[in-house]
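First the structure, in the form of C-alpha cells, and then the observations on it.
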Number of protein chains: 2
Amino acid sequence: MVSERGLQVLRAIVQDYVDTREPVGSKAIVDRHAFGVSAATIRNDMALLEDEDLIVAPHTSSGRVPTDKGYRVFVDHLAELRPLSSAQRSAITSFLDEAGDLDDLLARTVRALTQLTGQVAIVQYPSFARANVTHVELVALGGPRVLVILVTDTGRVSQRIALVPAEPGESDIALLRARVGAVLVGHSVAESSQRVSEALTAGPRPGVVLDAIADAVLRVVGEELEAFRQDRLVMAGAATLAKREQDFRGSIYPLLEAIEEQVTLLRLMSEMVADEKGLSASIGRENEPFGLVEASVLASRYDGSTGGARVGLLGPTRMDYSSNLAAVRAVAHYLTRMLEDDDSSR
Amino acid sequence: MVSERGLQVLRAIVQDYVDTREPVGSKAIVDRHAFGVSAATIRNDMALLEDEDLIVAPHTSSGRVPTDKGYRVFVDHLAELRPLSSAQRSAITSFLDEAGDLDDLLARTVRALTQLTGQVAIVQYPSFARANVTHVELVALGGPRVLVILVTDTGRVSQRIALVPAEPGESDIALLRARVGAVLVGHSVAESSQRVSEALTAGPRPGVVLDAIADAVLRVVGEELEAFRQDRLVMAGAATLAKREQDFRGSIYPLLEAIEEQVTLLRLMSEMVADEKGLSASIGRENEPFGLVEASVLASRYDGSTGGARVGLLGPTRMDYSSNLAAVRAVAHYLTRMLEDDDSSR
DNA sequence: AATTGGCACTCAGTCGAGTCGAGTGCCAAA
DNA sequence: TTTGGCACTCGACTCGACTGAGTGCCAATT
C-alpha cells in the first residue's frame, strides 16, 4: 500500500521528470524537494510505488520514470491546476474578443491554446445535429444550376449547388422554395434529414417537371444535412510536435496522421469521459485503440447548451499536466462565455 | 569543363543517391550502370564535377553526393520524366471523376498527388480576382442579421452575416438586393471591391435607415471580396514528412510550420518561374528566402484560363525528381481537363 | 589525349576493453 | 519506521585498434 508520503514522492517524480526529461533518482528528490527524510527512505517509498506499477526504472540502477498509470494517478489525485497569470488571461480575452464569426472564434481559440501550451490545440465544432433549420434559400444560377442555402439557428450557413433536370423559372423557384422549406424549416437537422429521405421515397409524379427538380434539390439538401451532422475539428500547432520529437520514442508519424485524418481524433475526443468539472484526460496507452500510445489528450467541454463539443490539446505523454489542464480549462471557460455573450449575433 | 559522360555520371549519382540514401562512389557507379569504362575514369569525371560544384564529398574518401546545383542541372537537363503507368492514370481519372464541387475536386487532387508521390501535395485555389460576380442574394435572418451571399461565374459561392442597424422588412430586402446588385453584378471581383469602397465613401444620407443598412451590408461585402482575392491552399500528406525525416539534417519543424502557416508556401509557389511547359522546381537552398533550405518544391500551372494557379508538391531535396515531376505534370493535366470539361456545371 | 591499373592514404564506423558514476537494494543499527 | 553504510549493477563515455570503402595521383597503356 502506498503511503501519503509515497504519493508526494510520485508527484515529485512526475514534476521533476517532466522538467528534466531524465529519470529521477532518490538523491535528486531529497535535493529538490524538502521532504525532511533521507534518500534511503525515499528509496523505500519508490520501491512501493514500483510495486504498484506507478513508476518504473528504465534499467537497473537508474532513476525512475512515471508509468502511464503513474501519470493517471497524478492527474486524478495530485495535480493542482495552477491558474494562469493575469497577463495570460487578459491576452486570451482580448484576442478572442476580436473574433468575427464562429469560424474565426474557433480559429482564434486554437491559436490561443497552442500559444499558451506549446502543444497541438484542437477544438470540436459545436454539434449541429440538434440545431434547427431556420431558412432555406434557392437561387437560380442560370442553366441547370440552382444554389441551395441552408441556415440554422446556431448561425451556421452552408451552401451547395444542385444540378437540376430543367432550368427553373422565377416562379418555379418560389414554388420550390416553399416546397423545400415546408420539409425543413422549423425542424432540427436530424429530423430534417429524416424528412428529406421520406419526401424522396415518395418520388416525383412522372412527367411533372417541377417534381423532378424538387427531388434533385432535396437530394442535395440531404447530402448537406448529412455533412451538418458530421462533426468537424479545427486544429493548430501541429508543427510543435516536431519540436517535441525527443519526447516520443517512436515516430511522430502516427500523430501527424491522426491530425490530418481528423476522424480518429474526433472519435477519441467524443469518447473521453469527463469529470464533474467537464475536464477529461486520456493518457498514453489509454489511447491505444486509436493508434496513439505515446500521447495524451486533455479536453474540456465548452458551451454546455449545444452539448458535446470539446476543446483540448494533444501532446506527448510526458507533458506538464498541471499547466496544460489549467490552460484548457481557462480557454474553455472564455470560449463558453464568448458564445453566451453574443449568442444573438451569431 | 564537364564532358558529356560527366553529365551521365552526374545523373547516375543523383539517381543512385536518391535510391540508396548513401554517398555513391566510383565503384558503385561502374557496377550499377553500364558505362564501359573503369572506376578510375569515373573518378576523374567526378573530380571535374566536384570542381564545378555539382557534387560534393561529405568527407575525404567517401562517395559523392549531389549539391543543390547538381540537382538543378539534373532537373533542367538530365531528368526524363517517366510517364505514369496506365493503372495510375486511370486511378487518377476515376478518382477525380467522382468529385463534386470545386472544393471536393481540389481535395481529391491533393490526395491523389500525395498518394502518387508520397510527398506533401499542395494545390492553390484558382485566383478569383478576375472572376465576375453573377449573383448577390440577401436573406433576412430575423433581428439585425442579414445573410449576404455572393456567387461568381467561376462557381465560387460564399456567405457572410451582416449585422445591420435596423431590422429590414421583406420589401426592404428586395430594395437592398437591387441596390447592392447594381454595385457588383457583372463586374469582376477586383472591380467590385473598388466599387464597394466608392459606394461607401459616398456615405449614407443621414436619417435614411435603408442607407445605413445598405452601408452595413456593403461593408460586409467588401470584406468578403477581400477574402476572395486572397489565395488559398489545400494540402495533404503532411504526415509523410515524419517518415522522411531522415532525409533532413535539421528538424522538420520549419517545414511543418510553413505548411501550417500557408502564407509562406503561397508566396513561394507564386514566385516560382515556370518553364515553357508550365513546370517549375525550386530546389534546396533556392528556398532560403522562405526559410526552407533542405526542401524542394515542384509545381505546375493548371487551368490556364484563370491563370496563376498551381498544383505541386513539397519534399526533401533528396527526392525522385523524375517520378515526382511526372506525377505533378499528370495531375495538373487531369485537373485542367476536369475544370474545362464541366465548366458549365460549376 | 584519354583510359587504366596500381598504390598509398584518409577517415567514418565499429568493436571491445576499461572506467566512471549515478542510482539501487539490502541490512543492521538507531 | 528511519537511516547510514555498502556492495552491486549497468548505462554512458572514452580510448585505441581495426576495417574497408573510397579517393587522388601517377606511370603505363591504348
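Ordered as shown in the C-alpha cells, chains take letters A, B, and onward, while each chain numbers its residues from 1 and ligands are numbered from 1 in the order shown.
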
Would you list, as a compact mmCIF listing (two decimals) with C-alpha atoms, in the first residue's frame, the residues of range 224-290 of chain A that end up in helix (DSSP H, G or I) under DSSP run on this structure's backbone?
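Output contents, as saved in out_30.txt:
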# COMPACT_ATOMS: atom_id res chain seq x y z
CA GLU A 224 -25.66 18.79 -46.98
CA LEU A 225 -27.61 17.88 -43.87
CA GLU A 226 -25.51 14.77 -43.61
CA ALA A 227 -22.44 17.00 -43.65
CA PHE A 228 -24.00 19.07 -40.85
CA ARG A 229 -24.23 16.06 -38.65
CA THR A 240 5.13 21.93 -32.38
CA LEU A 241 5.23 18.16 -32.45
CA ALA A 242 8.46 18.33 -34.39
CA LYS A 243 9.99 20.27 -31.54
CA GLU A 245 10.03 14.82 -31.05
CA GLN A 246 12.56 13.71 -28.47
CA ASP A 247 9.62 13.05 -26.18
CA TYR A 253 4.09 9.84 -37.88
CA PRO A 254 1.01 8.30 -36.25
CA LEU A 255 0.34 11.59 -34.53
CA LEU A 256 0.62 13.68 -37.64
CA GLU A 257 -1.53 11.20 -39.44
CA ALA A 258 -4.21 11.34 -36.77
CA ILE A 259 -4.13 15.11 -37.02
CA GLU A 260 -4.53 15.00 -40.75
CA GLU A 261 -7.22 12.35 -40.66
CA VAL A 263 -11.71 11.38 -37.72
CA THR A 264 -9.58 9.45 -35.24
CA LEU A 265 -9.17 12.47 -33.02
CA LEU A 266 -12.84 13.22 -33.33
CA ARG A 267 -13.76 9.80 -32.06
CA LEU A 268 -11.18 9.97 -29.34
CA MET A 269 -12.41 13.29 -28.08
CA SER A 270 -16.02 12.21 -28.26
CA GLU A 271 -15.42 9.11 -26.22
CA GLY A 284 -0.60 7.24 -23.17
CA ARG A 285 -1.66 3.64 -23.55
CA GLU A 286 -5.26 4.57 -22.89
CA ASN A 287 -5.23 5.88 -26.45
CA GLU A 288 -4.10 2.57 -27.86
CA PRO A 289 -7.44 1.83 -29.56
CA PHE A 290 -6.85 4.99 -31.56

Self-check item: Shell of 10 Å around Ala140 in chain B, only C-alpha atoms (C1' of nucleotides), local chain residues under 4 positions omitted, as an NGL selection string
Solution: (:A and (135)) or (:B and (144-148 or 161-162 or 167-170 or 172-173))

Let's have chain A fitted on chain B; use all the C-alpha atoms paired in order for the least-squares step and return it as a short mmCIF file (atom, residue, chain, number, x, y, z; two decimals) with C-alpha atoms, in the first residue's frame.
data_model
loop_
_atom_site.label_atom_id
_atom_site.label_comp_id
_atom_site.auth_asym_id
_atom_site.auth_seq_id
_atom_site.Cartn_x
_atom_site.Cartn_y
_atom_site.Cartn_z
CA MET A 1 34.49 22.00 -68.31
CA VAL A 2 32.27 19.02 -67.78
CA SER A 3 32.20 16.43 -70.53
CA GLU A 4 29.11 14.71 -71.85
CA ARG A 5 30.01 11.62 -69.92
CA GLY A 6 30.54 13.81 -66.91
CA LEU A 7 26.87 14.74 -67.05
CA GLN A 8 25.92 11.11 -67.32
CA VAL A 9 27.96 10.50 -64.21
CA LEU A 10 26.09 13.29 -62.47
CA ARG A 11 22.84 11.70 -63.48
CA ALA A 12 24.01 8.37 -62.13
CA ILE A 13 25.05 9.96 -58.87
CA VAL A 14 21.72 11.69 -58.43
CA GLN A 15 19.77 8.56 -59.22
CA ASP A 16 21.82 6.29 -56.99
CA TYR A 17 21.93 8.74 -54.15
CA VAL A 18 18.18 9.18 -54.21
CA ASP A 19 17.89 5.43 -54.25
CA THR A 20 20.32 4.44 -51.56
CA ARG A 21 20.54 7.54 -49.38
CA GLU A 22 24.29 6.96 -49.26
CA PRO A 23 27.10 8.92 -50.83
CA VAL A 24 28.00 7.17 -54.05
CA GLY A 25 31.56 6.29 -54.98
CA SER A 26 33.26 5.63 -58.29
CA LYS A 27 33.17 1.88 -57.80
CA ALA A 28 29.43 1.81 -57.17
CA ILE A 29 28.86 3.73 -60.39
CA VAL A 30 30.78 1.37 -62.65
CA ASP A 31 28.99 -1.52 -60.95
CA ARG A 32 25.46 -0.20 -61.27
CA HIS A 33 25.74 1.61 -64.57
CA ALA A 34 27.28 0.31 -67.80
CA PHE A 35 29.70 3.12 -68.53
CA GLY A 36 32.30 0.88 -70.12
CA VAL A 37 35.14 2.72 -68.47
CA SER A 38 37.06 2.06 -65.31
CA ALA A 39 36.50 3.48 -61.87
CA ALA A 40 39.55 5.68 -62.19
CA THR A 41 38.06 7.42 -65.20
CA ILE A 42 34.86 8.03 -63.33
CA ARG A 43 36.94 9.43 -60.53
CA ASN A 44 38.47 11.96 -62.89
CA ASP A 45 35.02 13.01 -64.06
CA MET A 46 33.86 13.29 -60.49
CA ALA A 47 36.77 15.56 -59.68
CA LEU A 48 35.59 17.88 -62.46
CA LEU A 49 32.00 17.74 -61.26
CA GLU A 50 33.23 18.68 -57.84
CA ASP A 51 35.14 21.63 -59.31
CA GLU A 52 31.89 22.79 -60.88
CA ASP A 53 30.15 22.55 -57.53
CA LEU A 54 27.69 19.97 -58.80
CA ILE A 55 28.65 17.29 -56.30
CA VAL A 56 30.41 17.31 -53.00
CA ALA A 57 32.11 14.80 -50.74
CA PRO A 58 30.72 14.89 -47.19
CA HIS A 59 34.22 14.05 -45.95
CA THR A 60 37.54 13.19 -47.48
CA SER A 61 37.30 9.83 -49.02
CA SER A 62 33.70 8.93 -49.04
CA GLY A 63 31.40 8.95 -52.03
CA ARG A 64 29.88 12.07 -53.49
CA VAL A 65 26.52 13.64 -52.96
CA PRO A 66 24.78 16.04 -55.36
CA THR A 67 24.75 19.68 -54.36
CA ASP A 68 21.63 21.77 -54.80
CA LYS A 69 23.24 23.02 -57.98
CA GLY A 70 23.74 19.43 -59.03
CA TYR A 71 20.06 18.69 -58.55
CA ARG A 72 19.23 21.80 -60.51
CA VAL A 73 21.31 20.66 -63.49
CA PHE A 74 19.76 17.24 -63.19
CA VAL A 75 16.24 18.63 -63.23
CA ASP A 76 16.91 21.07 -66.04
CA HIS A 77 18.94 18.89 -68.38
CA LEU A 78 19.03 15.29 -67.31
CA ALA A 79 15.74 14.18 -65.85
CA GLU A 80 13.54 12.36 -68.26
CA LEU A 81 10.08 12.29 -66.82
CA ARG A 82 9.06 8.72 -66.68
CA PRO A 83 5.43 8.44 -67.62
CA LEU A 84 2.96 6.96 -65.17
CA SER A 85 1.76 3.43 -65.54
CA SER A 86 -1.61 3.00 -67.16
CA ALA A 87 -2.93 1.65 -63.88
CA GLN A 88 -1.93 4.86 -62.19
CA ARG A 89 -3.47 6.95 -64.93
CA SER A 90 -6.79 5.22 -64.75
CA ALA A 91 -6.72 5.36 -60.96
CA ILE A 92 -6.35 9.12 -61.10
CA THR A 93 -9.03 9.70 -63.68
CA SER A 94 -11.60 7.51 -62.02
CA PHE A 95 -10.85 9.04 -58.63
CA LEU A 96 -11.17 12.57 -59.95
CA ASP A 97 -14.24 11.67 -61.98
CA GLU A 98 -16.22 11.03 -58.83
CA ALA A 99 -15.60 14.54 -57.57
CA GLY A 100 -18.53 16.76 -56.76
CA ASP A 101 -17.91 20.48 -56.51
CA LEU A 102 -14.68 22.40 -56.84
CA ASP A 103 -13.69 21.88 -53.22
CA ASP A 104 -14.13 18.17 -53.58
CA LEU A 105 -12.21 18.07 -56.83
CA LEU A 106 -9.23 19.85 -55.36
CA ALA A 107 -9.32 17.72 -52.23
CA ARG A 108 -9.27 14.62 -54.38
CA THR A 109 -6.46 16.06 -56.45
CA VAL A 110 -4.13 16.49 -53.50
CA ARG A 111 -5.00 13.11 -52.15
CA ALA A 112 -4.21 11.52 -55.47
CA LEU A 113 -0.93 13.36 -55.74
CA THR A 114 0.23 12.54 -52.24
CA GLN A 115 -0.73 8.93 -52.83
CA LEU A 116 1.23 8.87 -56.06
CA THR A 117 4.39 10.48 -54.77
CA GLY A 118 4.40 9.91 -51.05
CA GLN A 119 5.12 13.60 -50.64
CA VAL A 120 3.15 16.55 -49.38
CA ALA A 121 0.76 17.60 -52.12
CA ILE A 122 -0.44 21.16 -52.54
CA VAL A 123 -2.98 22.78 -54.78
CA GLN A 124 -3.68 26.43 -55.07
CA TYR A 125 -7.27 27.49 -55.55
CA PRO A 126 -7.89 29.12 -58.88
CA SER A 127 -7.56 32.83 -58.44
CA PHE A 128 -10.91 34.50 -58.12
CA ALA A 129 -9.73 38.05 -58.59
CA ARG A 130 -10.73 38.01 -62.24
CA ALA A 131 -13.97 36.13 -61.65
CA ASN A 132 -17.17 38.07 -62.16
CA VAL A 133 -19.84 38.51 -59.56
CA THR A 134 -23.04 37.11 -61.03
CA HIS A 135 -25.43 37.11 -58.10
CA VAL A 136 -25.92 38.86 -54.86
CA GLU A 137 -28.54 37.50 -52.52
CA LEU A 138 -29.72 38.94 -49.21
CA VAL A 139 -31.73 37.05 -46.65
CA ALA A 140 -33.15 38.61 -43.51
CA LEU A 141 -32.42 36.23 -40.67
CA GLY A 142 -34.54 38.10 -38.17
CA GLY A 143 -33.28 40.68 -35.77
CA PRO A 144 -30.36 42.75 -36.95
CA ARG A 145 -28.87 39.93 -38.97
CA VAL A 146 -28.77 39.84 -42.73
CA LEU A 147 -27.19 37.00 -44.63
CA VAL A 148 -25.19 38.14 -47.64
CA ILE A 149 -24.42 35.67 -50.38
CA LEU A 150 -22.06 36.24 -53.30
CA VAL A 151 -21.79 34.05 -56.36
CA THR A 152 -19.19 34.29 -59.11
CA ASP A 153 -19.14 32.87 -62.61
CA THR A 154 -16.35 30.52 -61.59
CA GLY A 155 -18.85 28.81 -59.34
CA ARG A 156 -17.57 30.07 -56.08
CA VAL A 157 -20.25 30.83 -53.55
CA SER A 158 -19.69 32.40 -50.20
CA GLN A 159 -21.79 33.82 -47.48
CA ARG A 160 -21.38 36.06 -44.54
CA ILE A 161 -23.63 37.58 -41.93
CA ALA A 162 -23.94 41.34 -41.62
CA LEU A 163 -25.11 43.05 -38.47
CA VAL A 164 -27.23 45.97 -39.56
CA PRO A 165 -28.39 48.96 -37.52
CA ALA A 166 -32.10 48.24 -38.01
CA GLU A 167 -34.22 45.28 -38.89
CA PRO A 168 -35.08 45.49 -42.59
CA GLY A 169 -38.52 44.54 -43.82
CA GLU A 170 -39.34 42.39 -46.81
CA SER A 171 -39.46 45.29 -49.21
CA ASP A 172 -36.31 46.79 -47.76
CA ILE A 173 -34.49 43.60 -48.59
CA ALA A 174 -35.57 43.79 -52.20
CA LEU A 175 -34.43 47.39 -52.39
CA LEU A 176 -31.14 46.57 -50.76
CA ARG A 177 -30.60 43.66 -53.05
CA ALA A 178 -31.05 45.87 -56.11
CA ARG A 179 -28.83 48.53 -54.67
CA VAL A 180 -25.98 46.22 -53.72
CA GLY A 181 -26.42 44.26 -56.91
CA ALA A 182 -25.97 47.43 -58.94
CA VAL A 183 -22.60 47.94 -57.35
CA LEU A 184 -21.36 44.43 -57.92
CA VAL A 185 -23.13 42.34 -60.50
CA GLY A 186 -21.30 42.02 -63.79
CA HIS A 187 -18.04 43.29 -62.43
CA SER A 188 -14.93 41.33 -61.60
CA VAL A 189 -14.06 40.67 -57.99
CA ALA A 190 -11.20 43.13 -58.20
CA GLU A 191 -13.40 45.86 -59.68
CA SER A 192 -16.21 45.15 -57.27
CA SER A 193 -13.88 45.56 -54.38
CA GLN A 194 -12.93 48.95 -55.72
CA ARG A 195 -16.54 49.97 -56.34
CA VAL A 196 -17.56 48.98 -52.86
CA SER A 197 -14.97 51.30 -51.36
CA GLU A 198 -16.20 54.13 -53.54
CA ALA A 199 -19.83 53.53 -52.64
CA LEU A 200 -18.85 53.61 -48.99
CA THR A 201 -16.86 56.80 -49.03
CA ALA A 202 -19.90 58.52 -50.50
CA GLY A 203 -21.45 57.75 -47.14
CA PRO A 204 -25.08 57.41 -46.09
CA ARG A 205 -27.39 60.36 -46.14
CA PRO A 206 -27.85 61.19 -42.48
CA GLY A 207 -31.08 59.91 -41.05
CA VAL A 208 -31.88 57.63 -43.92
CA VAL A 209 -32.09 54.22 -42.30
CA LEU A 210 -31.90 52.26 -45.49
CA ASP A 211 -28.63 53.97 -46.34
CA ALA A 212 -27.15 52.96 -43.03
CA ILE A 213 -28.22 49.38 -43.56
CA ALA A 214 -26.86 49.37 -47.07
CA ASP A 215 -23.54 50.60 -45.82
CA ALA A 216 -23.36 47.88 -43.20
CA VAL A 217 -24.06 45.32 -45.87
CA LEU A 218 -21.51 46.81 -48.22
CA ARG A 219 -18.87 46.77 -45.58
CA VAL A 220 -19.39 43.04 -45.14
CA VAL A 221 -19.38 42.55 -48.89
CA GLY A 222 -16.09 44.39 -49.04
CA GLU A 223 -14.56 42.11 -46.46
CA GLU A 224 -15.76 39.08 -48.28
CA LEU A 225 -14.42 40.28 -51.60
CA GLU A 226 -11.10 40.82 -49.93
CA ALA A 227 -11.20 37.19 -48.85
CA PHE A 228 -11.93 36.21 -52.46
CA ARG A 229 -8.78 37.84 -53.63
CA GLN A 230 -6.70 35.99 -51.13
CA ASP A 231 -5.56 32.72 -52.54
CA ARG A 232 -6.00 29.55 -50.63
CA LEU A 233 -4.27 26.23 -50.55
CA VAL A 234 -5.42 22.69 -50.05
CA MET A 235 -2.87 20.21 -48.86
CA ALA A 236 -2.51 16.57 -47.98
CA GLY A 237 0.20 14.23 -46.86
CA ALA A 238 1.84 16.39 -44.22
CA ALA A 239 2.26 13.26 -42.16
CA THR A 240 4.55 11.76 -44.77
CA LEU A 241 7.20 14.23 -43.71
CA ALA A 242 7.61 12.33 -40.48
CA LYS A 243 8.50 9.25 -42.48
CA ARG A 244 11.10 11.12 -44.47
CA GLU A 245 12.59 12.75 -41.50
CA GLN A 246 15.94 11.07 -41.99
CA ASP A 247 16.20 13.01 -45.23
CA PHE A 248 16.40 16.26 -43.36
CA ARG A 249 19.46 17.16 -41.46
CA GLY A 250 17.66 19.73 -39.37
CA SER A 251 14.23 19.49 -37.86
CA ILE A 252 11.09 19.19 -39.93
CA TYR A 253 9.62 21.93 -37.81
CA PRO A 254 10.08 24.72 -40.37
CA LEU A 255 8.36 22.56 -42.94
CA LEU A 256 5.39 21.74 -40.79
CA GLU A 257 5.14 25.35 -39.84
CA ALA A 258 5.16 26.47 -43.45
CA ILE A 259 2.42 23.96 -44.15
CA GLU A 260 0.34 25.24 -41.30
CA GLU A 261 0.95 28.87 -42.12
CA GLN A 262 0.10 28.40 -45.77
CA VAL A 263 1.01 31.95 -46.63
CA THR A 264 4.70 31.12 -47.04
CA LEU A 265 3.96 28.27 -49.39
CA LEU A 266 1.50 30.43 -51.25
CA ARG A 267 4.12 33.04 -51.91
CA LEU A 268 6.68 30.45 -52.81
CA MET A 269 4.42 28.78 -55.32
CA SER A 270 3.34 32.08 -56.79
CA GLU A 271 6.88 33.22 -57.36
CA MET A 272 8.16 30.07 -58.98
CA VAL A 273 9.19 30.48 -62.59
CA ALA A 274 7.67 27.93 -64.89
CA ASP A 275 9.32 26.51 -67.97
CA GLU A 276 7.57 26.40 -71.34
CA LYS A 277 5.57 23.34 -70.29
CA GLY A 278 4.29 25.05 -67.17
CA LEU A 279 6.48 22.95 -64.90
CA SER A 280 8.67 24.51 -62.28
CA ALA A 281 10.98 23.40 -59.51
CA SER A 282 12.55 25.16 -56.60
CA ILE A 283 15.36 23.24 -55.03
CA GLY A 284 16.93 23.32 -51.60
CA ARG A 285 18.74 26.57 -50.94
CA GLU A 286 16.71 28.30 -53.60
CA ASN A 287 13.93 28.29 -51.02
CA GLU A 288 16.04 30.06 -48.45
CA PRO A 289 14.06 33.31 -48.64
CA PHE A 290 11.08 31.29 -47.49
CA GLY A 291 12.84 29.69 -44.58
CA LEU A 292 13.16 26.30 -46.21
CA VAL A 293 16.60 25.06 -47.15
CA GLU A 294 16.38 21.31 -47.20
CA ALA A 295 13.22 21.05 -49.22
CA SER A 296 12.20 21.19 -52.83
CA VAL A 297 8.94 22.23 -54.36
CA LEU A 298 7.75 20.98 -57.72
CA ALA A 299 4.76 22.61 -59.33
CA SER A 300 2.79 22.85 -62.49
CA ARG A 301 0.25 25.34 -63.73
CA TYR A 302 -3.19 24.02 -64.33
CA ASP A 303 -6.39 25.35 -65.84
CA GLY A 304 -4.77 28.00 -68.04
CA SER A 305 -8.00 29.97 -68.39
CA THR A 306 -8.15 31.46 -64.89
CA GLY A 307 -4.37 31.68 -64.87
CA GLY A 308 -1.88 31.53 -62.07
CA ALA A 309 -3.16 28.53 -60.21
CA ARG A 310 -0.71 25.76 -59.47
CA VAL A 311 -0.61 22.24 -58.23
CA GLY A 312 2.53 20.76 -56.81
CA LEU A 313 4.34 18.99 -54.06
CA LEU A 314 6.80 19.58 -51.30
CA GLY A 315 9.45 17.16 -50.15
CA PRO A 316 13.06 16.73 -49.17
CA THR A 317 15.70 18.00 -51.57
CA ARG A 318 16.73 14.41 -51.98
CA MET A 319 13.65 13.23 -53.80
CA ASP A 320 12.92 11.35 -56.99
CA TYR A 321 12.55 14.29 -59.34
CA SER A 322 11.83 12.19 -62.40
CA SER A 323 8.83 10.38 -60.95
CA ASN A 324 7.58 13.30 -58.97
CA LEU A 325 7.71 15.76 -61.84
CA ALA A 326 5.90 13.24 -64.00
CA ALA A 327 3.23 12.79 -61.35
CA VAL A 328 2.75 16.52 -60.94
CA ARG A 329 2.49 16.98 -64.68
CA ALA A 330 -0.02 14.17 -65.04
CA VAL A 331 -2.19 15.33 -62.17
CA ALA A 332 -2.15 18.91 -63.45
CA HIS A 333 -3.14 17.60 -66.84
CA TYR A 334 -6.14 15.66 -65.57
CA LEU A 335 -7.18 18.43 -63.27
CA THR A 336 -7.18 20.90 -66.14
CA ARG A 337 -9.21 18.55 -68.28
CA MET A 338 -11.65 18.04 -65.46
CA LEU A 339 -12.19 21.74 -65.08
CA GLU A 340 -12.67 22.24 -68.81
CA ASP A 341 -14.95 19.29 -69.30
CA ASP A 342 -17.68 20.26 -66.94
CA ASP A 343 -17.04 23.93 -66.77
CA SER A 344 -20.74 24.48 -67.20
CA SER A 345 -21.60 22.52 -64.09
CA ARG A 346 -19.56 24.56 -61.68
#

Please check the contacts: residues of chain D at most 7 Å away from chain B, using only C-alpha atoms (C1' of nucleotides), listed as a tab-separated table (two decimals) with N, CA and C atoms (P, O5', C5', C4', C3', O3' and C1' of nucleotides), in the first residue's frame.
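Full text of result10.tsv as output:
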chain	number	residue	atom	x	y	z
D	21	DA	P	34.43	-2.68	-48.54
D	21	DA	O5'	33.59	-1.44	-49.08
D	21	DA	C5'	32.84	-0.66	-48.15
D	21	DA	C4'	33.11	0.81	-48.44
D	21	DA	C3'	33.17	1.14	-49.93
D	21	DA	O3'	32.42	2.32	-50.16
D	21	DA	C1'	35.12	1.90	-48.85
D	22	DG	P	32.08	2.75	-51.64
D	22	DG	O5'	33.19	3.83	-51.87
D	22	DG	C5'	33.18	5.01	-51.08
D	22	DG	C4'	34.46	5.74	-51.32
D	22	DG	C3'	34.82	5.88	-52.81
D	22	DG	O3'	34.75	7.24	-53.22
D	22	DG	C1'	36.70	5.35	-51.45
D	23	DT	P	35.14	7.66	-54.70
D	23	DT	O5'	36.36	8.64	-54.44
D	23	DT	C5'	36.37	9.44	-53.27
D	23	DT	C4'	37.80	9.87	-52.97
D	23	DT	C3'	38.51	10.43	-54.20
D	23	DT	O3'	38.77	11.81	-54.02
D	23	DT	C1'	39.86	8.80	-53.05

Self-check item: Residue hits in chain C, query chain A, radius 12 Å, only C-alpha atoms (C1' of nucleotides), as a ChimeraX atom specification
Solution: /C:21-26

Quiz item: In range 96-202 of chain B, what's strand (DSSP E) per DSSP? Answer as a PyMOL selection string?
Solution: chain B and resi 120-124+133-142+145-152+157-163

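Between C1' of DC9 in chain C and C1' of DT30 in chain D lies a distance of 28.4 Å.
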
Practice problem: Using only C-alpha atoms (C1' of nucleotides), determine which residues lie at most 12 Å from DA29 in chain C, disregarding the query and same-chain residues fewer than 4 positions distant; provide the list as a list in words. | Solution: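 These residues fall inside the cut-off: DT2, DT3, DG4 and DG5 of chain D.
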
Go ahead and dump the residues you just picked, C-alpha atoms (C1' of nucleotides), as a compact mmCIF listing (two decimals), in the first residue's frame.
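Output file selection-v2.txt follows:
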# COMPACT_ATOMS: atom_id res chain seq x y z
C1' DT D 2 14.03 5.73 9.53
C1' DT D 3 18.79 5.97 8.50
C1' DG D 4 23.69 5.38 7.18
C1' DG D 5 26.58 2.25 5.02
